[in-house]
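*Asks:* The following file, start.txt, comprises compact mmCIF, C-alpha atoms:
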# COMPACT_ATOMS: atom_id res chain seq x y z
CA MET A 19 -25.18 44.02 7.95
CA ALA A 20 -24.05 42.61 4.62
CA SER A 21 -26.89 42.68 2.12
CA ASN A 22 -26.69 38.92 1.56
CA PHE A 23 -27.06 38.12 5.25
CA THR A 24 -30.28 36.29 6.11
CA LEU A 25 -31.30 35.47 9.66
CA ASN A 26 -32.47 31.90 10.20
CA GLN A 27 -36.28 31.66 10.32
CA GLN A 28 -36.41 29.96 13.72
CA LEU A 29 -34.18 32.59 15.32
CA ALA A 30 -36.28 35.32 13.71
CA GLU A 31 -39.45 33.80 15.20
CA ASP A 32 -38.06 33.23 18.70
CA CYS A 33 -36.10 36.45 19.10
CA ILE A 34 -36.29 40.22 18.97
CA VAL A 35 -33.67 41.77 16.71
CA LEU A 36 -32.03 44.49 18.82
CA GLY A 37 -29.44 45.70 16.33
CA SER A 38 -25.83 44.92 15.56
CA LEU A 39 -22.84 44.60 17.85
CA GLY A 40 -19.68 44.99 15.81
CA SER A 41 -20.28 42.84 12.75
CA SER A 42 -22.74 40.44 14.40
CA LEU A 43 -26.49 40.68 14.69
CA LEU A 44 -27.62 41.04 18.31
CA LEU A 45 -30.83 39.26 19.31
CA LEU A 46 -32.80 38.99 22.53
CA LEU A 47 -34.63 35.72 23.05
CA ASN A 48 -38.26 36.68 23.64
CA ASN A 49 -38.38 35.04 27.04
CA SER A 50 -38.05 37.39 29.98
CA LEU A 51 -37.50 34.61 32.53
CA VAL A 52 -33.76 35.29 32.21
CA PRO A 53 -31.84 37.93 30.19
CA TRP A 54 -30.83 35.81 27.19
CA PHE A 55 -28.89 37.37 24.31
CA ILE A 56 -27.80 35.76 21.06
CA LEU A 57 -25.01 36.92 18.75
CA VAL A 58 -25.23 35.90 15.09
CA PRO A 59 -22.00 36.54 13.18
CA GLN A 60 -22.19 37.07 9.44
CA THR A 61 -20.40 33.94 8.40
CA GLU A 62 -20.90 30.91 6.23
CA ALA A 63 -19.30 28.69 8.89
CA CYS A 64 -21.45 26.58 11.23
CA GLU A 65 -18.64 26.10 13.75
CA ILE A 66 -16.57 28.84 15.39
CA HIS A 67 -13.37 26.88 14.70
CA ASP A 68 -14.18 26.87 10.98
CA MET A 69 -14.42 30.66 10.76
CA PRO A 70 -11.60 32.59 9.06
CA ASP A 71 -9.19 33.88 11.75
CA ASN A 72 -10.18 37.55 11.44
CA GLU A 73 -13.93 36.79 11.66
CA ARG A 74 -13.40 34.52 14.65
CA LEU A 75 -11.33 37.05 16.57
CA GLN A 76 -13.99 39.65 15.89
CA LEU A 77 -16.69 37.30 17.18
CA PHE A 78 -14.72 36.54 20.37
CA ASP A 79 -14.35 40.26 20.89
CA GLU A 80 -18.09 40.82 20.50
CA MET A 81 -18.88 37.87 22.78
CA MET A 82 -16.68 39.34 25.52
CA GLU A 83 -18.19 42.78 25.12
CA LEU A 84 -21.68 41.31 25.37
CA ALA A 85 -20.76 39.10 28.34
CA ARG A 86 -19.31 42.10 30.22
CA PHE A 87 -22.45 44.12 29.44
CA VAL A 88 -24.67 41.30 30.73
CA ASP A 89 -22.54 40.93 33.85
CA ASN A 90 -22.41 44.66 34.63
CA GLU A 91 -26.00 45.52 33.78
CA PHE A 92 -27.91 42.48 35.01
CA LYS A 93 -25.63 41.45 37.92
CA PRO A 94 -26.18 37.71 37.49
CA ASP A 95 -24.74 35.05 39.76
CA LYS A 96 -23.21 33.42 36.66
CA VAL A 97 -23.01 34.10 32.95
CA ASN A 98 -23.67 31.06 30.75
CA THR A 99 -22.24 31.07 27.25
CA GLY A 100 -22.55 28.45 24.57
CA ALA A 101 -22.52 27.61 20.89
CA ILE A 102 -24.82 24.62 20.42
CA GLY A 103 -26.52 24.67 17.02
CA ASN A 104 -28.08 21.20 17.08
CA ILE A 105 -31.45 22.58 15.96
CA VAL A 106 -30.53 25.86 14.22
CA ARG A 107 -27.36 25.41 12.17
CA GLN A 108 -26.75 29.10 11.47
CA LEU A 109 -23.86 29.90 13.79
CA HIS A 110 -25.09 31.72 16.89
CA VAL A 111 -23.70 32.22 20.38
CA HIS A 112 -25.78 32.39 23.55
CA VAL A 113 -24.89 34.78 26.40
CA ILE A 114 -27.28 34.33 29.30
CA ALA A 115 -27.57 35.90 32.75
CA ARG A 116 -28.29 33.25 35.36
CA TYR A 117 -29.48 33.68 38.95
CA GLU A 118 -29.49 31.29 41.85
CA ASP A 119 -33.24 31.88 42.13
CA ASP A 120 -34.13 31.78 38.41
CA PHE A 121 -36.65 29.33 36.95
CA CYS A 122 -34.30 26.41 36.37
CA TRP A 123 -31.07 27.07 38.29
CA PRO A 124 -28.62 25.27 38.38
CA GLN A 125 -29.74 23.41 35.26
CA VAL A 126 -29.05 24.86 31.81
CA VAL A 127 -31.82 26.86 30.14
CA TRP A 128 -31.64 25.21 26.72
CA GLY A 129 -34.61 22.99 25.90
CA ARG A 130 -36.83 24.22 28.75
CA PRO A 131 -40.47 24.92 27.91
CA GLU A 132 -41.07 27.78 30.38
CA LYS A 133 -41.62 31.11 28.66
CA LYS A 134 -42.74 34.65 29.44
CA LEU A 135 -42.80 37.17 26.58
CA TYR A 136 -41.34 40.66 27.04
CA SER A 137 -43.50 43.77 27.15
CA THR A 138 -42.62 46.60 24.75
CA LYS A 139 -41.56 48.66 27.75
CA GLU A 140 -39.11 45.99 28.91
CA ILE A 141 -37.58 45.72 25.45
CA ASP A 142 -37.24 49.51 25.23
CA ARG A 143 -35.45 49.49 28.56
CA ILE A 144 -32.93 46.90 27.38
CA MET A 145 -32.39 48.88 24.14
CA THR A 146 -31.64 51.99 26.17
CA ARG A 147 -29.15 50.16 28.37
CA LEU A 148 -27.38 48.74 25.31
CA SER A 149 -27.29 52.11 23.58
CA THR A 150 -25.91 53.81 26.69
CA ARG A 151 -23.32 51.23 27.66
CA LEU A 152 -22.16 49.97 24.28
CA LYS A 153 -22.50 53.17 22.28
CA GLN A 154 -19.19 52.59 20.53
CA ARG A 155 -20.22 49.25 19.04
CA PHE A 156 -23.98 48.76 19.30
CA VAL A 157 -26.18 50.03 16.46
CA PRO A 158 -29.89 49.65 17.25
CA VAL A 159 -32.36 48.57 14.60
CA THR A 160 -34.37 51.47 13.26
CA ALA A 161 -38.06 51.37 12.40
CA GLU A 162 -38.48 51.44 8.63
CA MET B 2 0.73 23.05 35.56
CA ALA B 3 1.45 25.74 38.12
CA SER B 4 2.15 24.19 41.50
CA ASN B 5 -0.68 26.12 43.15
CA PHE B 6 -3.28 24.89 40.67
CA THR B 7 -5.93 22.64 42.22
CA LEU B 8 -8.61 20.89 40.21
CA ASN B 9 -12.12 21.20 41.59
CA GLN B 10 -13.17 18.07 43.49
CA GLN B 11 -16.35 17.49 41.44
CA LEU B 12 -14.47 17.72 38.14
CA ALA B 13 -11.81 15.36 39.52
CA GLU B 14 -14.50 12.82 40.45
CA ASP B 15 -16.44 13.01 37.18
CA CYS B 16 -13.52 13.17 34.76
CA ILE B 17 -10.34 11.48 33.67
CA VAL B 18 -7.33 13.81 33.62
CA LEU B 19 -5.75 13.31 30.19
CA GLY B 20 -2.96 15.87 30.44
CA SER B 21 -2.46 19.48 29.52
CA LEU B 22 -3.24 21.34 26.33
CA GLY B 23 -1.21 24.54 26.23
CA SER B 24 -1.62 25.98 29.70
CA SER B 25 -4.99 24.36 30.47
CA LEU B 26 -5.72 21.01 32.02
CA LEU B 27 -7.47 18.66 29.58
CA LEU B 28 -10.14 16.36 31.00
CA LEU B 29 -12.39 13.70 29.53
CA LEU B 30 -15.79 13.35 31.17
CA ASN B 31 -16.05 9.69 32.18
CA ASN B 32 -19.16 9.11 30.08
CA SER B 33 -18.57 7.39 26.78
CA LEU B 34 -22.07 8.13 25.43
CA VAL B 35 -20.54 11.10 23.58
CA PRO B 36 -16.91 12.30 23.34
CA TRP B 37 -16.97 15.09 25.94
CA PHE B 38 -13.82 17.04 26.72
CA ILE B 39 -13.31 19.77 29.32
CA LEU B 40 -10.59 22.41 29.37
CA VAL B 41 -9.67 23.92 32.72
CA PRO B 42 -7.49 27.02 32.40
CA GLN B 43 -5.21 27.94 35.28
CA THR B 44 -6.95 31.11 36.30
CA GLU B 45 -8.50 32.72 39.33
CA ALA B 46 -11.37 34.06 37.20
CA CYS B 47 -14.77 32.32 37.15
CA GLU B 48 -15.83 34.01 33.89
CA ILE B 49 -13.92 34.05 30.60
CA HIS B 50 -14.53 37.80 30.24
CA ASP B 51 -12.86 38.40 33.60
CA MET B 52 -9.60 36.68 32.60
CA PRO B 53 -6.55 38.84 31.85
CA ASP B 54 -6.29 39.39 28.07
CA ASN B 55 -3.27 37.13 27.55
CA GLU B 56 -4.81 34.23 29.51
CA ARG B 57 -8.11 34.60 27.64
CA LEU B 58 -6.49 34.60 24.21
CA GLN B 59 -4.53 31.52 25.19
CA LEU B 60 -7.73 29.78 26.32
CA PHE B 61 -9.54 30.66 23.06
CA ASP B 62 -6.60 29.23 21.17
CA GLU B 63 -6.72 26.00 23.16
CA MET B 64 -10.51 25.77 22.76
CA MET B 65 -10.19 26.07 18.99
CA GLU B 66 -7.40 23.51 18.87
CA LEU B 67 -9.50 21.09 20.92
CA ALA B 68 -12.65 21.76 18.86
CA ARG B 69 -10.76 21.07 15.61
CA PHE B 70 -9.34 17.87 17.09
CA VAL B 71 -12.82 16.73 18.16
CA ASP B 72 -14.24 17.61 14.74
CA ASN B 73 -11.47 15.88 12.77
CA GLU B 74 -11.08 12.80 14.93
CA PHE B 75 -14.67 12.04 15.95
CA LYS B 76 -16.49 13.36 12.85
CA PRO B 77 -19.54 14.61 14.77
CA ASP B 78 -22.59 16.18 13.18
CA LYS B 79 -22.09 19.18 15.45
CA VAL B 80 -19.62 20.36 18.06
CA ASN B 81 -21.23 21.83 21.18
CA THR B 82 -19.16 24.25 23.26
CA GLY B 83 -20.10 26.02 26.43
CA ALA B 84 -18.95 27.65 29.63
CA ILE B 85 -21.73 27.15 32.18
CA GLY B 86 -20.34 26.85 35.71
CA ASN B 87 -23.61 26.98 37.65
CA ILE B 88 -22.61 23.97 39.74
CA VAL B 89 -18.80 23.97 39.54
CA ARG B 90 -17.46 27.53 39.75
CA GLN B 91 -13.90 26.74 38.73
CA LEU B 92 -13.77 28.03 35.15
CA HIS B 93 -14.05 25.16 32.67
CA VAL B 94 -15.07 24.91 29.03
CA HIS B 95 -16.96 21.99 27.49
CA VAL B 96 -16.18 20.78 23.97
CA ILE B 97 -18.52 17.94 23.01
CA ALA B 98 -18.99 15.86 19.86
CA ARG B 99 -22.68 15.44 19.06
CA TYR B 100 -24.35 13.03 16.66
CA GLU B 101 -27.82 13.02 15.20
CA ASP B 102 -28.25 9.51 16.64
CA ASP B 103 -26.69 10.10 20.06
CA PHE B 104 -28.54 9.51 23.34
CA CYS B 105 -30.20 12.91 23.63
CA TRP B 106 -29.93 14.68 20.27
CA PRO B 107 -30.93 17.44 19.59
CA GLN B 108 -31.19 18.37 23.27
CA VAL B 109 -28.13 19.54 25.16
CA VAL B 110 -26.17 16.97 27.19
CA TRP B 111 -25.82 18.99 30.39
CA GLY B 112 -27.90 17.71 33.28
CA ARG B 113 -28.77 14.34 31.69
CA PRO B 114 -28.54 11.29 33.95
CA GLU B 115 -27.50 8.72 31.28
CA LYS B 116 -23.95 7.47 31.78
CA LYS B 117 -21.59 4.78 30.49
CA LEU B 118 -18.08 4.66 31.92
CA TYR B 119 -15.06 4.28 29.62
CA SER B 120 -12.98 1.11 29.53
CA THR B 121 -9.21 1.50 30.03
CA LYS B 122 -8.75 0.51 26.38
CA GLU B 123 -11.05 3.28 25.17
CA ILE B 124 -9.22 5.86 27.26
CA ASP B 125 -5.85 4.63 25.95
CA ARG B 126 -7.15 5.00 22.40
CA ILE B 127 -8.19 8.62 23.00
CA MET B 128 -4.82 9.36 24.62
CA THR B 129 -3.04 7.98 21.55
CA ARG B 130 -5.15 10.09 19.20
CA LEU B 131 -4.44 13.21 21.24
CA SER B 132 -0.73 12.48 21.40
CA THR B 133 -0.58 11.85 17.66
CA ARG B 134 -2.66 14.78 16.49
CA LEU B 135 -1.79 17.44 19.04
CA LYS B 136 1.81 16.52 19.68
CA GLN B 137 2.90 20.16 19.62
CA ARG B 138 0.64 21.19 22.48
CA PHE B 139 -0.70 18.14 24.30
CA VAL B 140 1.29 16.75 27.21
CA PRO B 141 -0.20 13.52 28.58
CA VAL B 142 -0.31 12.80 32.29
CA THR B 143 2.35 10.38 33.36
CA ALA B 144 1.91 7.60 35.88
CA GLU B 145 3.76 8.47 39.08
Could I get this file's structure written as structure tokens?

*Replies:*
Amino acid sequence: MASNFTLNQQLAEDCIVLGSLGSSLLLLLNNSLVPWFILVPQTEACEIHDMPDNERLQLFDEMMELARFVDNEFKPDKVNTGAIGNIVRQLHVHVIARYEDDFCWPQVVWGRPEKKLYSTKEIDRIMTRLSTRLKQRFVPVTAE
Amino acid sequence: MASNFTLNQQLAEDCIVLGSLGSSLLLLLNNSLVPWFILVPQTEACEIHDMPDNERLQLFDEMMELARFVDNEFKPDKVNTGAIGNIVRQLHVHVIARYEDDFCWPQVVWGRPEKKLYSTKEIDRIMTRLSTRLKQRFVPVTAE
């Protein structure tokens, strides 16, 4: 990560920082009701279309890599992706595994109050899957 | 449009077909509460990450062109984009102009019951703006 990169406070509170995927930060929303990942590119832009071309292409690449990982590893019925940013303006992209029997199918997950925190064991398991499957691009956070 | 391309029935009922943007169909959700556009690429895939590379890059290009148009023409406080597809499986991408004083800010618009149909005049005005600003890529539907 660039040394001047600061993660938005709200994202930091709601999520677990897993590491980096390419040049984006990779977060896991701390809500185990559905596998819900968030990519935070290192950019000043608040909209994907305002990013410089090279940064945007890199982000699309990372989004697709993450979406394929989510699809292959979690076998959802549908992957939901979105860039909303009405509450948190720091640009971030959601990649979510959805199931026909999940807590709010077929409605979208954004804005729902239901929540179930992850156990350390569950987070470790996701870290292992990321490290195994995306070893070329994923760099896990290290304890300091 | 390819002759074998068929628009999903639900999308056809809920939206106005404006024309084509690049190789995607461009729709306007018939709900004037917020400017809400939908791109439908001509693909067999239900997920963006499953599209062939050339189709996907083309879609990203069209999404960015549409997002810039929405941003420049409607001056929203935030553009919301998403590919959900829990209800309609035909791949489609939402590009929505959001305002801090719109009907459900800062919540997402998906799944909300509020609705206000467009007048013919309002639709004509949007068509004119598209034709003027995206004349290189936008091809309006023609009355048959």

*Asks:* Please identify all polymer residues within 9 Å of A:Val127, counting only C-alpha atoms, omitting same-chain residues fewer than 6 positions from it, and present them as a ChimeraX atom specification.

*Replies:* /A:52,114,116,121

*Asks:* Write a file of the just-selected residues containing C-alpha atoms, as a PDB file, in the frame of the given file.

*Replies:*
ATOM      1  CA  VAL A  52     -33.760  35.290  32.210  1.00  0.00           C
ATOM      2  CA  ILE A 114     -27.280  34.330  29.300  1.00  0.00           C
ATOM      3  CA  ARG A 116     -28.290  33.250  35.360  1.00  0.00           C
ATOM      4  CA  PHE A 121     -36.650  29.330  36.950  1.00  0.00           C
TER       5      PHE A 121
END

*Asks:* Please superimpose chain B on chain A using every C-alpha atom, paired by order, in a least-squares fit, and write the moved chain as a short mmCIF file (atom, residue, chain, number, x, y, z; two decimals) with C-alpha atoms, in the frame of the given file.

*Replies:*
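Saved result, part.cif, follows:
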data_model
loop_
_atom_site.label_atom_id
_atom_site.label_comp_id
_atom_site.auth_asym_id
_atom_site.auth_seq_id
_atom_site.Cartn_x
_atom_site.Cartn_y
_atom_site.Cartn_z
CA MET B 2 -25.17 44.02 7.94
CA ALA B 3 -24.03 42.61 4.62
CA SER B 4 -26.87 42.68 2.12
CA ASN B 5 -26.68 38.92 1.56
CA PHE B 6 -27.03 38.11 5.25
CA THR B 7 -30.25 36.29 6.12
CA LEU B 8 -31.29 35.47 9.66
CA ASN B 9 -32.46 31.91 10.21
CA GLN B 10 -36.26 31.68 10.31
CA GLN B 11 -36.40 29.96 13.72
CA LEU B 12 -34.16 32.59 15.33
CA ALA B 13 -36.27 35.33 13.72
CA GLU B 14 -39.44 33.81 15.20
CA ASP B 15 -38.06 33.23 18.70
CA CYS B 16 -36.10 36.46 19.11
CA ILE B 17 -36.30 40.21 18.97
CA VAL B 18 -33.68 41.78 16.70
CA LEU B 19 -32.05 44.51 18.81
CA GLY B 20 -29.43 45.69 16.34
CA SER B 21 -25.83 44.92 15.57
CA LEU B 22 -22.84 44.59 17.85
CA GLY B 23 -19.67 45.00 15.81
CA SER B 24 -20.28 42.85 12.76
CA SER B 25 -22.74 40.43 14.39
CA LEU B 26 -26.49 40.68 14.68
CA LEU B 27 -27.62 41.04 18.31
CA LEU B 28 -30.82 39.26 19.31
CA LEU B 29 -32.80 38.99 22.52
CA LEU B 30 -34.64 35.72 23.04
CA ASN B 31 -38.27 36.68 23.63
CA ASN B 32 -38.37 35.04 27.05
CA SER B 33 -38.04 37.39 29.97
CA LEU B 34 -37.49 34.61 32.54
CA VAL B 35 -33.75 35.30 32.21
CA PRO B 36 -31.85 37.93 30.18
CA TRP B 37 -30.82 35.81 27.18
CA PHE B 38 -28.90 37.37 24.31
CA ILE B 39 -27.79 35.76 21.05
CA LEU B 40 -25.02 36.92 18.74
CA VAL B 41 -25.23 35.90 15.09
CA PRO B 42 -22.00 36.55 13.19
CA GLN B 43 -22.18 37.08 9.44
CA THR B 44 -20.40 33.94 8.41
CA GLU B 45 -20.89 30.92 6.22
CA ALA B 46 -19.31 28.69 8.88
CA CYS B 47 -21.47 26.58 11.22
CA GLU B 48 -18.65 26.11 13.75
CA ILE B 49 -16.56 28.83 15.40
CA HIS B 50 -13.36 26.88 14.69
CA ASP B 51 -14.18 26.87 10.98
CA MET B 52 -14.44 30.67 10.74
CA PRO B 53 -11.60 32.59 9.07
CA ASP B 54 -9.19 33.89 11.75
CA ASN B 55 -10.19 37.55 11.44
CA GLU B 56 -13.93 36.79 11.65
CA ARG B 57 -13.39 34.51 14.66
CA LEU B 58 -11.34 37.06 16.57
CA GLN B 59 -14.00 39.65 15.88
CA LEU B 60 -16.70 37.30 17.18
CA PHE B 61 -14.72 36.54 20.37
CA ASP B 62 -14.35 40.26 20.90
CA GLU B 63 -18.09 40.82 20.50
CA MET B 64 -18.88 37.87 22.79
CA MET B 65 -16.68 39.32 25.52
CA GLU B 66 -18.18 42.78 25.10
CA LEU B 67 -21.68 41.31 25.36
CA ALA B 68 -20.76 39.10 28.34
CA ARG B 69 -19.32 42.10 30.22
CA PHE B 70 -22.44 44.12 29.44
CA VAL B 71 -24.67 41.30 30.72
CA ASP B 72 -22.53 40.93 33.84
CA ASN B 73 -22.41 44.66 34.62
CA GLU B 74 -25.99 45.52 33.77
CA PHE B 75 -27.90 42.47 35.02
CA LYS B 76 -25.63 41.47 37.93
CA PRO B 77 -26.19 37.72 37.50
CA ASP B 78 -24.73 35.05 39.74
CA LYS B 79 -23.23 33.43 36.65
CA VAL B 80 -23.02 34.11 32.94
CA ASN B 81 -23.68 31.06 30.76
CA THR B 82 -22.25 31.07 27.23
CA GLY B 83 -22.54 28.44 24.57
CA ALA B 84 -22.53 27.62 20.89
CA ILE B 85 -24.81 24.61 20.43
CA GLY B 86 -26.53 24.68 17.03
CA ASN B 87 -28.08 21.21 17.08
CA ILE B 88 -31.44 22.58 15.96
CA VAL B 89 -30.53 25.85 14.22
CA ARG B 90 -27.36 25.42 12.15
CA GLN B 91 -26.76 29.09 11.46
CA LEU B 92 -23.86 29.90 13.79
CA HIS B 93 -25.09 31.72 16.89
CA VAL B 94 -23.70 32.23 20.38
CA HIS B 95 -25.79 32.40 23.56
CA VAL B 96 -24.88 34.78 26.38
CA ILE B 97 -27.29 34.33 29.29
CA ALA B 98 -27.56 35.90 32.75
CA ARG B 99 -28.30 33.25 35.37
CA TYR B 100 -29.48 33.68 38.95
CA GLU B 101 -29.50 31.28 41.84
CA ASP B 102 -33.26 31.89 42.13
CA ASP B 103 -34.14 31.77 38.43
CA PHE B 104 -36.66 29.32 36.95
CA CYS B 105 -34.30 26.41 36.37
CA TRP B 106 -31.08 27.06 38.30
CA PRO B 107 -28.64 25.30 38.38
CA GLN B 108 -29.75 23.42 35.27
CA VAL B 109 -29.06 24.85 31.83
CA VAL B 110 -31.81 26.86 30.13
CA TRP B 111 -31.64 25.21 26.71
CA GLY B 112 -34.60 22.99 25.90
CA ARG B 113 -36.82 24.22 28.76
CA PRO B 114 -40.46 24.91 27.91
CA GLU B 115 -41.07 27.78 30.40
CA LYS B 116 -41.61 31.11 28.66
CA LYS B 117 -42.73 34.66 29.43
CA LEU B 118 -42.80 37.17 26.59
CA TYR B 119 -41.33 40.66 27.04
CA SER B 120 -43.50 43.76 27.17
CA THR B 121 -42.63 46.59 24.75
CA LYS B 122 -41.54 48.66 27.76
CA GLU B 123 -39.10 45.98 28.92
CA ILE B 124 -37.58 45.72 25.45
CA ASP B 125 -37.25 49.52 25.23
CA ARG B 126 -35.44 49.50 28.57
CA ILE B 127 -32.92 46.91 27.36
CA MET B 128 -32.39 48.87 24.14
CA THR B 129 -31.64 52.00 26.17
CA ARG B 130 -29.14 50.16 28.36
CA LEU B 131 -27.39 48.75 25.30
CA SER B 132 -27.29 52.11 23.58
CA THR B 133 -25.92 53.80 26.69
CA ARG B 134 -23.32 51.23 27.65
CA LEU B 135 -22.17 49.97 24.27
CA LYS B 136 -22.50 53.15 22.28
CA GLN B 137 -19.18 52.57 20.52
CA ARG B 138 -20.22 49.25 19.02
CA PHE B 139 -23.98 48.77 19.30
CA VAL B 140 -26.18 50.01 16.48
CA PRO B 141 -29.89 49.64 17.25
CA VAL B 142 -32.37 48.56 14.60
CA THR B 143 -34.37 51.44 13.26
CA ALA B 144 -38.06 51.36 12.44
CA GLU B 145 -38.53 51.44 8.67
#

*Asks:* Chain B residues within 6 Å of chain A, counting only C-alpha atoms: which ones, as an MDAnalysis selection string?

*Replies:* chainID B and resid 50 65 81:85 87 107

*Asks:* Atom CA of B:Met128 to atom CA of B:Gln59: how many Å, to one decimal?

*Replies:*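 Computing the Euclidean distance for atom CA of B:Met128 and atom CA of B:Gln59 yields 22.2 Å.
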
*Asks:* Fewer than 4 positions away in the same chain doesn't count, so skip those; otherwise give me all residues within 10 Å of A:Ile141, counting all atoms listed in the file, as an MDAnalysis selection string.

*Replies:* chainID A and resid 34 36 46 48 50 136:137 145:147

*Asks:* Could you state the separation of atom CA of A:Asn26 and atom CA of A:Ser41 in Å, given to one decimal place?

*Replies:* 16.6 Å

*Asks:* For A:Lys153, which residue out of A:Pro59, A:Phe87, A:Gln108, A:Asn49 is the nearest one, using only C-alpha atoms?

*Replies:*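 Of A:Pro59, A:Phe87, A:Gln108, A:Asn49, the one nearest A:Lys153 is A:Phe87, counting only C-alpha atoms.
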
*Asks:* With a distance cut-off of 12 Å and only C-alpha atoms, select the neighbouring residues of A:Thr160, excluding the residue or stretch itself and same-chain residues fewer than 2 positions from it, and output the selection as an mmCIF file with C-alpha atoms, keeping the file's coordinate frame.

*Replies:*
data_model
loop_
_atom_site.group_PDB
_atom_site.id
_atom_site.type_symbol
_atom_site.label_atom_id
_atom_site.label_comp_id
_atom_site.auth_asym_id
_atom_site.auth_seq_id
_atom_site.Cartn_x
_atom_site.Cartn_y
_atom_site.Cartn_z
ATOM 1 C CA VAL A 35 -33.670 41.770 16.710
ATOM 2 C CA LEU A 36 -32.030 44.490 18.820
ATOM 3 C CA GLY A 37 -29.440 45.700 16.330
ATOM 4 C CA SER A 38 -25.830 44.920 15.560
ATOM 5 C CA MET A 145 -32.390 48.880 24.140
ATOM 6 C CA VAL A 157 -26.180 50.030 16.460
ATOM 7 C CA PRO A 158 -29.890 49.650 17.250
ATOM 8 C CA GLU A 162 -38.480 51.440 8.630
#

*Asks:* Could you please determine the separation between atom CA of A:Leu51 and atom CA of A:Lys134 in Å, to one decimal place?

*Replies:*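 Between atom CA of A:Leu51 and atom CA of A:Lys134 the gap is 6.1 Å.
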
*Asks:* With distances taken over all atoms listed in the file, which residue among B:Leu8, B:Val71, B:Leu26, B:Cys16 lies nearest B:Arg138?

*Replies:*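 Closest residue, counting all atoms listed in the file: B:Leu26.
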
*Asks:* My list of candidates is B:Asp103, B:Leu28, B:Glu115, B:Val41. Which is closest to B:Leu131 when distances are computed with all atoms listed in the file?

*Replies:* B:Leu28

*Asks:* For each of A:Asp142, A:Asp71, A:Glu80, A:Glu91, take the minimum atom-to-atom distance to A:Gln154, counting only C-alpha atoms, then give the residue where this is smallest.

*Replies:* A:Glu80

*Asks:* Could you add whatever atoms are missing so that stretch 50-63 of chain B carries N, CA and C atoms, then write the result as a CSV table (one decimal), in the coordinates of the input?

*Replies:*
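This is the output file rebuild-v6.csv:
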chain,number,residue,atom,x,y,z
B,50,HIS,N,-14.7,36.4,30.5
B,50,HIS,CA,-14.5,37.8,30.2
B,50,HIS,C,-13.8,38.5,31.4
B,51,ASP,N,-13.6,37.8,32.5
B,51,ASP,CA,-12.9,38.4,33.6
B,51,ASP,C,-11.4,38.0,33.6
B,52,MET,N,-11.0,37.1,32.7
B,52,MET,CA,-9.6,36.7,32.6
B,52,MET,C,-8.7,37.8,32.1
B,53,PRO,N,-7.5,37.9,32.5
B,53,PRO,CA,-6.6,38.8,31.8
B,53,PRO,C,-6.5,38.5,30.4
B,54,ASP,N,-6.3,39.6,29.5
B,54,ASP,CA,-6.3,39.4,28.1
B,54,ASP,C,-5.4,38.2,27.6
B,55,ASN,N,-4.2,38.2,28.1
B,55,ASN,CA,-3.3,37.1,27.6
B,55,ASN,C,-3.7,35.7,27.9
B,56,GLU,N,-4.3,35.5,29.1
B,56,GLU,CA,-4.8,34.2,29.5
B,56,GLU,C,-6.0,33.9,28.7
B,57,ARG,N,-6.9,34.9,28.4
B,57,ARG,CA,-8.1,34.6,27.6
B,57,ARG,C,-7.8,34.2,26.2
B,58,LEU,N,-6.8,34.9,25.6
B,58,LEU,CA,-6.5,34.6,24.2
B,58,LEU,C,-5.9,33.2,24.1
B,59,GLN,N,-5.1,32.9,25.1
B,59,GLN,CA,-4.5,31.5,25.2
B,59,GLN,C,-5.6,30.5,25.3
B,60,LEU,N,-6.6,30.7,26.2
B,60,LEU,CA,-7.7,29.8,26.3
B,60,LEU,C,-8.5,29.6,25.0
B,61,PHE,N,-8.8,30.7,24.3
B,61,PHE,CA,-9.5,30.7,23.1
B,61,PHE,C,-8.8,29.8,22.1
B,62,ASP,N,-7.5,30.0,22.1
B,62,ASP,CA,-6.6,29.2,21.2
B,62,ASP,C,-6.7,27.7,21.5
B,63,GLU,N,-6.6,27.4,22.7
B,63,GLU,CA,-6.7,26.0,23.2
B,63,GLU,C,-8.1,25.4,22.9
